[in-house]
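Visitor: Here it is, the structure in full.
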Amino acid sequence: MKQVKRVNQVYLDYAAGTPMREGVLKAMAPYFSDCFGNTGSIHQMGDDARVVLDNAREQVRVSLGAACCDKIIFTGSGTESINIALRGVVLDAFFKNGMKKVHVISSIIEHKAVLETLADLKAMGYLDVTLVGVDSCGMVKVPEVLGLIQKNTVLVSLHYVHNELGVVQRVGLLGKELKRRGVLFHVDACQAFCYFSCSVIDLYCDLLTLNSSKVGGPKGVGLLYAREGVGLRSVITGGSQEFGLRAGTENVAGIVGFVQALQISSRNRVNENIRLRGLQKYFWKEISSRVSDVKCNSNLKTGSPHILSISIRGVEGEHVVRYLSEKGFYVSTGSACTSSEVKVSSSVLALGVDPLYAAGTVRFSLGWGTRKSDIRSTVKALCFVISALKKI
C-alpha cells in the first residue's frame, strides 16, 4: 500500500536513527546490481567485491587512526558489534586463561546492548560485573573505576556519548589509565562520531563500536575496531568472514554506504558541532522561558551538541511524544513503555532527578537537517501539548 507523505514534519530523533546523507544511496547503488558478487567467491566478480570491501576497511582504518595490523570488523549493527566485543573478550579470557570467573566494569547508564549482554554472560556463569554510578551530571568518576579493578578484571566498557542524556565521558583519560594497568577498554562511540574525534590513539581504546544508522548511513550495518593482539572468541560461527569473528556474507552495498557516511560526517564534524551547539542553546532558552516546572538533564557546556533531554513535572513523557507525533513533530522519551505500565528512565533517575520530573522526560536529538525554524515550531507545539495534557 502506498504511504502518504506528511507535510511540515519536524524530525528531532537523530539519536534513534538518521536519514541517509546526500550521496550515500548513489555510492551504494552499483553494489546492488552491477558489482553484486560474493566476497568469498574466487572468480572475478568475487575478486571485485573483495577489493571494494578491502578499500572500505582501509578508509575506516584511516578515519579512526588505526594501525595497519588492527582489525576493522564489519557487523550487522552497533548491538552486534558490542556483543562481539563483550562476549568475545569474556569468553576468550575465560577459556584461554582458565579463569573461574572474569570481571568486567561498566556503568549503570550504559545502552541496553551493553547491560543486557553483561547480564546474560553473568547468568551463564562466565563473569562478575561491577556497574559504577554517575554524578548529578551523568559523569563516571575515573578514580572510582580504577579503584574497582581486580586481579581478574579483563575489560571496562563505557559509552563515549550517552544516547539519552548527551553526556560526554572522559574516555581518553580513562583509556590512558587502563592501558597502564593492562585492562582492555571498549568504547561505545555510536553517538559520538558525528561530533567528536574518534581517534583510537587519543582514546587509548582497544575496542570501539560504531553504527551506520547513527551517522547518516543505511541501517543494518555497524563495525567493531579491535586493536592488534586483543583476544576475541567468535560468537557467530560459520564461514571465515571478518577474520573469523563474524561469519556470514558481507553486506558490501551497506558497508560502502556506511563508509561514505563516515567520510561525510568526519568532514562536517567541526562545523556541525558549532552549529548544533548554538541551536541546542537556543532550544533550551526558548523552552525554559515558556514552560514552567521544567529542568534540563543535558549539560549544555560539556555535553554533546545534538542531544537535549528535559524533564517536565506534571506530564508523562510518553504522552508528550505521542501528541507531538500527531502534529508531525518526531521526538523521543527517556521512558521505556510496556502495555501496562510506564517505566521511568533509569539513566535520568541516576542523575538524582525527582521521579515526578523524571516521568516527564523528553529527548530532542538534532542533526544536519535541523534548522532554527524547526526549533521555533517545535517549542510552540510543545507548549500547546503540555498545556492540553495538564488540563486533562
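Each chain in the C-alpha cells gets a letter, A, B, ..., in the order shown, and its residues are numbered from 1; ligands are numbered from 1 in order too.
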At a cut-off of 9 Å, using only C-alpha atoms, what residues contact segment 311-324 of chain A? Leave out same-chain residues fewer than 6 positions from it and give the result as a PDB file with N, CA and C atoms, in the first residue's frame.

Guide:
```pdb
ATOM      1  N   VAL A 291       8.057  27.263  29.348  1.00  0.00           N
ATOM      2  CA  VAL A 291       7.489  26.091  30.011  1.00  0.00           C
ATOM      3  C   VAL A 291       7.833  26.146  31.498  1.00  0.00           C
ATOM      4  N   SER A 292       6.833  25.989  32.353  1.00  0.00           N
ATOM      5  CA  SER A 292       7.062  26.003  33.798  1.00  0.00           C
ATOM      6  C   SER A 292       7.363  24.588  34.289  1.00  0.00           C
ATOM      7  N   ASP A 293       7.982  24.500  35.445  1.00  0.00           N
ATOM      8  CA  ASP A 293       8.302  23.206  36.068  1.00  0.00           C
ATOM      9  C   ASP A 293       9.065  22.289  35.107  1.00  0.00           C
ATOM     10  N   VAL A 294      10.132  22.810  34.546  1.00  0.00           N
ATOM     11  CA  VAL A 294      10.942  22.030  33.613  1.00  0.00           C
ATOM     12  C   VAL A 294      12.408  22.121  34.014  1.00  0.00           C
ATOM     13  N   LYS A 295      13.135  21.035  33.850  1.00  0.00           N
ATOM     14  CA  LYS A 295      14.570  21.050  34.108  1.00  0.00           C
ATOM     15  C   LYS A 295      15.320  20.399  32.959  1.00  0.00           C
ATOM     16  N   CYS A 296      16.559  20.819  32.782  1.00  0.00           N
ATOM     17  CA  CYS A 296      17.402  20.291  31.713  1.00  0.00           C
ATOM     18  C   CYS A 296      18.300  19.199  32.265  1.00  0.00           C
ATOM     19  N   ASN A 297      18.284  18.030  31.618  1.00  0.00           N
ATOM     20  CA  ASN A 297      19.110  16.898  32.048  1.00  0.00           C
ATOM     21  C   ASN A 297      20.449  16.846  31.329  1.00  0.00           C
ATOM     22  N   TYR A 330       8.542  14.728  15.602  1.00  0.00           N
ATOM     23  CA  TYR A 330       9.009  13.402  15.995  1.00  0.00           C
ATOM     24  C   TYR A 330      10.197  13.507  16.948  1.00  0.00           C
ATOM     25  N   VAL A 331       9.929  13.163  18.203  1.00  0.00           N
ATOM     26  CA  VAL A 331      10.946  13.220  19.247  1.00  0.00           C
ATOM     27  C   VAL A 331      10.917  11.886  19.991  1.00  0.00           C
ATOM     28  N   SER A 332      11.636  11.793  21.092  1.00  0.00           N
ATOM     29  CA  SER A 332      11.686  10.542  21.837  1.00  0.00           C
ATOM     30  C   SER A 332      11.500  10.830  23.319  1.00  0.00           C
ATOM     31  N   THR A 333      11.535   9.794  24.112  1.00  0.00           N
ATOM     32  CA  THR A 333      11.348   9.930  25.546  1.00  0.00           C
ATOM     33  C   THR A 333      12.379   9.117  26.289  1.00  0.00           C
ATOM     34  N   GLY A 334      12.643   9.508  27.521  1.00  0.00           N
ATOM     35  CA  GLY A 334      13.559   8.740  28.352  1.00  0.00           C
ATOM     36  C   GLY A 334      12.859   7.563  28.987  1.00  0.00           C
ATOM     37  N   SER A 335      11.573   7.387  28.715  1.00  0.00           N
ATOM     38  CA  SER A 335      10.813   6.302  29.316  1.00  0.00           C
ATOM     39  C   SER A 335      10.718   5.110  28.386  1.00  0.00           C
ATOM     40  N   ALA A 336      10.753   3.902  28.955  1.00  0.00           N
ATOM     41  CA  ALA A 336      10.505   2.684  28.191  1.00  0.00           C
ATOM     42  C   ALA A 336       9.112   2.217  28.569  1.00  0.00           C
ATOM     43  N   CYS A 337       8.259   1.981  27.591  1.00  0.00           N
ATOM     44  CA  CYS A 337       6.855   1.718  27.870  1.00  0.00           C
ATOM     45  C   CYS A 337       6.483   0.265  27.597  1.00  0.00           C
ATOM     46  N   VAL A 342       4.338   2.496  32.762  1.00  0.00           N
ATOM     47  CA  VAL A 342       5.390   3.360  32.252  1.00  0.00           C
ATOM     48  C   VAL A 342       6.573   3.269  33.203  1.00  0.00           C
ATOM     49  N   VAL A 348      17.959   8.786  33.717  1.00  0.00           N
ATOM     50  CA  VAL A 348      17.544  10.075  34.273  1.00  0.00           C
ATOM     51  C   VAL A 348      17.499  10.002  35.796  1.00  0.00           C
ATOM     52  N   VAL A 353      17.344  12.987  39.621  1.00  0.00           N
ATOM     53  CA  VAL A 353      16.174  13.773  39.253  1.00  0.00           C
ATOM     54  C   VAL A 353      14.951  13.277  40.019  1.00  0.00           C
ATOM     55  N   PRO A 355      11.565  11.854  40.779  1.00  0.00           N
ATOM     56  CA  PRO A 355      10.728  10.971  39.950  1.00  0.00           C
ATOM     57  C   PRO A 355       9.522  11.680  39.336  1.00  0.00           C
ATOM     58  N   LEU A 356       8.974  12.707  40.020  1.00  0.00           N
ATOM     59  CA  LEU A 356       7.829  13.441  39.480  1.00  0.00           C
ATOM     60  C   LEU A 356       8.215  14.217  38.217  1.00  0.00           C
ATOM     61  N   TYR A 357       9.480  14.617  38.142  1.00  0.00           N
ATOM     62  CA  TYR A 357      10.003  15.252  36.934  1.00  0.00           C
ATOM     63  C   TYR A 357      10.430  14.189  35.918  1.00  0.00           C
ATOM     64  N   ALA A 358      11.125  13.172  36.429  1.00  0.00           N
ATOM     65  CA  ALA A 358      11.706  12.156  35.538  1.00  0.00           C
ATOM     66  C   ALA A 358      10.661  11.470  34.674  1.00  0.00           C
ATOM     67  N   ALA A 359       9.441  11.309  35.218  1.00  0.00           N
ATOM     68  CA  ALA A 359       8.373  10.674  34.440  1.00  0.00           C
ATOM     69  C   ALA A 359       8.003  11.495  33.206  1.00  0.00           C
ATOM     70  N   GLY A 360       8.319  12.771  33.237  1.00  0.00           N
ATOM     71  CA  GLY A 360       8.000  13.654  32.107  1.00  0.00           C
ATOM     72  C   GLY A 360       9.206  13.975  31.254  1.00  0.00           C
ATOM     73  N   THR A 361      10.081  12.992  31.085  1.00  0.00           N
ATOM     74  CA  THR A 361      11.302  13.208  30.307  1.00  0.00           C
ATOM     75  C   THR A 361      11.057  13.090  28.807  1.00  0.00           C
ATOM     76  N   VAL A 362      11.589  14.051  28.069  1.00  0.00           N
ATOM     77  CA  VAL A 362      11.517  14.056  26.606  1.00  0.00           C
ATOM     78  C   VAL A 362      12.914  14.336  26.072  1.00  0.00           C
ATOM     79  N   ARG A 363      13.323  13.563  25.079  1.00  0.00           N
ATOM     80  CA  ARG A 363      14.638  13.774  24.453  1.00  0.00           C
ATOM     81  C   ARG A 363      14.467  14.319  23.046  1.00  0.00           C
ATOM     82  N   THR A 378       8.714  23.629  17.008  1.00  0.00           N
ATOM     83  CA  THR A 378       8.634  22.552  17.988  1.00  0.00           C
ATOM     84  C   THR A 378       8.280  23.095  19.374  1.00  0.00           C
ATOM     85  N   ALA A 381       4.624  23.976  19.480  1.00  0.00           N
ATOM     86  CA  ALA A 381       3.792  22.772  19.588  1.00  0.00           C
ATOM     87  C   ALA A 381       3.919  22.153  20.974  1.00  0.00           C
ATOM     88  N   LEU A 382       5.132  22.143  21.529  1.00  0.00           N
ATOM     89  CA  LEU A 382       5.368  21.580  22.854  1.00  0.00           C
ATOM     90  C   LEU A 382       4.550  22.309  23.915  1.00  0.00           C
ATOM     91  N   VAL A 385       0.929  21.275  23.643  1.00  0.00           N
ATOM     92  CA  VAL A 385       0.700  19.904  24.116  1.00  0.00           C
ATOM     93  C   VAL A 385       0.745  19.828  25.641  1.00  0.00           C
ATOM     94  N   ILE A 386       1.738  20.488  26.236  1.00  0.00           N
ATOM     95  CA  ILE A 386       1.866  20.462  27.690  1.00  0.00           C
ATOM     96  C   ILE A 386       0.629  21.090  28.341  1.00  0.00           C
ATOM     97  N   LEU A 389      -2.263  18.661  28.083  1.00  0.00           N
ATOM     98  CA  LEU A 389      -2.122  17.493  28.963  1.00  0.00           C
ATOM     99  C   LEU A 389      -2.375  17.870  30.431  1.00  0.00           C
ATOM    100  N   LYS A 390      -1.952  19.041  30.835  1.00  0.00           N
ATOM    101  CA  LYS A 390      -2.142  19.443  32.230  1.00  0.00           C
ATOM    102  C   LYS A 390      -3.595  19.763  32.556  1.00  0.00           C
TER     103      LYS A 390
END
```

Visitor: Just the strand (DSSP E or B) stuff from segment 77-211 of chain A, please, per backbone DSSP, written as an MDAnalysis selection string.

Guide: chainID A and resid 102:107 127:132 153:159 161 168 184:188 207:211

Visitor: Only C-alpha atoms, please: the residues just picked out, written as a PDB file, in the first residue's frame.

Guide:
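Saved as again-v3.pdb:
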```pdb
ATOM      1  CA  VAL A 102      36.114 -12.936  34.524  1.00  0.00           C
ATOM      2  CA  HIS A 103      35.466  -9.442  35.917  1.00  0.00           C
ATOM      3  CA  VAL A 104      34.084  -6.587  33.797  1.00  0.00           C
ATOM      4  CA  ILE A 105      33.391  -2.984  34.809  1.00  0.00           C
ATOM      5  CA  SER A 106      30.762  -0.777  33.179  1.00  0.00           C
ATOM      6  CA  SER A 107      28.307   1.929  34.266  1.00  0.00           C
ATOM      7  CA  LEU A 127      31.749 -13.297  34.797  1.00  0.00           C
ATOM      8  CA  ASP A 128      31.148 -10.919  37.643  1.00  0.00           C
ATOM      9  CA  VAL A 129      30.024  -7.417  36.726  1.00  0.00           C
ATOM     10  CA  THR A 130      30.545  -4.157  38.582  1.00  0.00           C
ATOM     11  CA  LEU A 131      28.395  -1.221  37.448  1.00  0.00           C
ATOM     12  CA  VAL A 132      29.611   2.178  38.645  1.00  0.00           C
ATOM     13  CA  THR A 153      39.367  -7.637  35.589  1.00  0.00           C
ATOM     14  CA  VAL A 154      39.779  -8.017  31.840  1.00  0.00           C
ATOM     15  CA  LEU A 155      37.599  -5.263  30.410  1.00  0.00           C
ATOM     16  CA  VAL A 156      35.981  -1.883  31.035  1.00  0.00           C
ATOM     17  CA  SER A 157      33.135  -0.891  28.697  1.00  0.00           C
ATOM     18  CA  LEU A 158      31.878   2.697  28.587  1.00  0.00           C
ATOM     19  CA  HIS A 159      29.933   4.918  26.224  1.00  0.00           C
ATOM     20  CA  VAL A 161      28.363   9.977  24.326  1.00  0.00           C
ATOM     21  CA  VAL A 168      30.373  13.041  27.108  1.00  0.00           C
ATOM     22  CA  LEU A 184      41.203  -3.754  27.962  1.00  0.00           C
ATOM     23  CA  PHE A 185      38.924  -0.808  27.147  1.00  0.00           C
ATOM     24  CA  HIS A 186      35.811  -0.898  24.940  1.00  0.00           C
ATOM     25  CA  VAL A 187      34.220   2.383  23.853  1.00  0.00           C
ATOM     26  CA  ASP A 188      30.668   2.602  22.529  1.00  0.00           C
ATOM     27  CA  LEU A 207      37.809  -1.913  21.050  1.00  0.00           C
ATOM     28  CA  LEU A 208      35.411   0.651  19.577  1.00  0.00           C
ATOM     29  CA  THR A 209      31.856   0.341  18.274  1.00  0.00           C
ATOM     30  CA  LEU A 210      30.196   2.394  15.531  1.00  0.00           C
ATOM     31  CA  ASN A 211      26.736   2.183  13.956  1.00  0.00           C
TER      32      ASN A 211
END
```

Visitor: Quick one: pull the distance between atom CA of Gly78 of chain A and atom CA of Phe258 of chain A, Å, one decimal.

Guide: 12.1 Å

Visitor: Skipping near chain neighbours, those fewer than 5 positions away, what residues fall within 10 Å of Lys96 of chain A using only C-alpha atoms, listed as number ranges by chain?

Guide: A: 90-91, 231, 233

Visitor: Save the residues we just selected, C-alpha atoms, as a compact mmCIF listing (two decimals), in the first residue's frame?

Guide:
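The result, stored in part_3.txt:
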```
# COMPACT_ATOMS: atom_id res chain seq x y z
CA VAL A 90 34.98 -12.50 28.14
CA LEU A 91 34.83 -15.94 26.52
CA GLY A 231 41.84 -11.85 22.12
CA ARG A 233 36.34 -15.56 20.57
```

Visitor: Give me the residues near Val62 of chain A as a VMD selection string, where near means some atom within 12 Å (using only C-alpha atoms) and where sequence neighbours in that chain fewer than 6 positions away do not count.

Guide: chain A and resid 55 to 56 68 70 72 198 to 201 225 259 262 to 263 266

Visitor: How would the residues just picked look written out with C-alpha atoms as an mmCIF file, in the first residue's frame?

Guide:
```
data_model
loop_
_atom_site.group_PDB
_atom_site.id
_atom_site.type_symbol
_atom_site.label_atom_id
_atom_site.label_comp_id
_atom_site.auth_asym_id
_atom_site.auth_seq_id
_atom_site.Cartn_x
_atom_site.Cartn_y
_atom_site.Cartn_z
ATOM 1 C CA ASN A 55 39.118 -0.419 0.321
ATOM 2 C CA ALA A 56 36.222 0.315 2.676
ATOM 3 C CA CYS A 68 47.584 -1.448 9.671
ATOM 4 C CA ASP A 70 44.473 -3.626 13.777
ATOM 5 C CA ILE A 72 38.116 -3.432 11.331
ATOM 6 C CA CYS A 198 37.120 9.007 17.476
ATOM 7 C CA SER A 199 40.859 8.551 17.077
ATOM 8 C CA VAL A 200 41.638 5.244 18.743
ATOM 9 C CA ILE A 201 45.085 6.635 19.565
ATOM 10 C CA TYR A 225 37.530 -1.804 15.791
ATOM 11 C CA VAL A 259 31.876 4.319 4.951
ATOM 12 C CA LEU A 262 31.559 8.259 7.906
ATOM 13 C CA GLN A 263 33.611 10.283 5.431
ATOM 14 C CA SER A 266 34.186 13.439 9.513
#
```

Visitor: Have a look at atom CA of Ala113 of chain A and atom CA of Ala189 of chain A and let me know their distance in Å, one decimal.

Guide: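 About the pair atom CA of Ala113 of chain A and atom CA of Ala189 of chain A: they are 12.8 Å apart.
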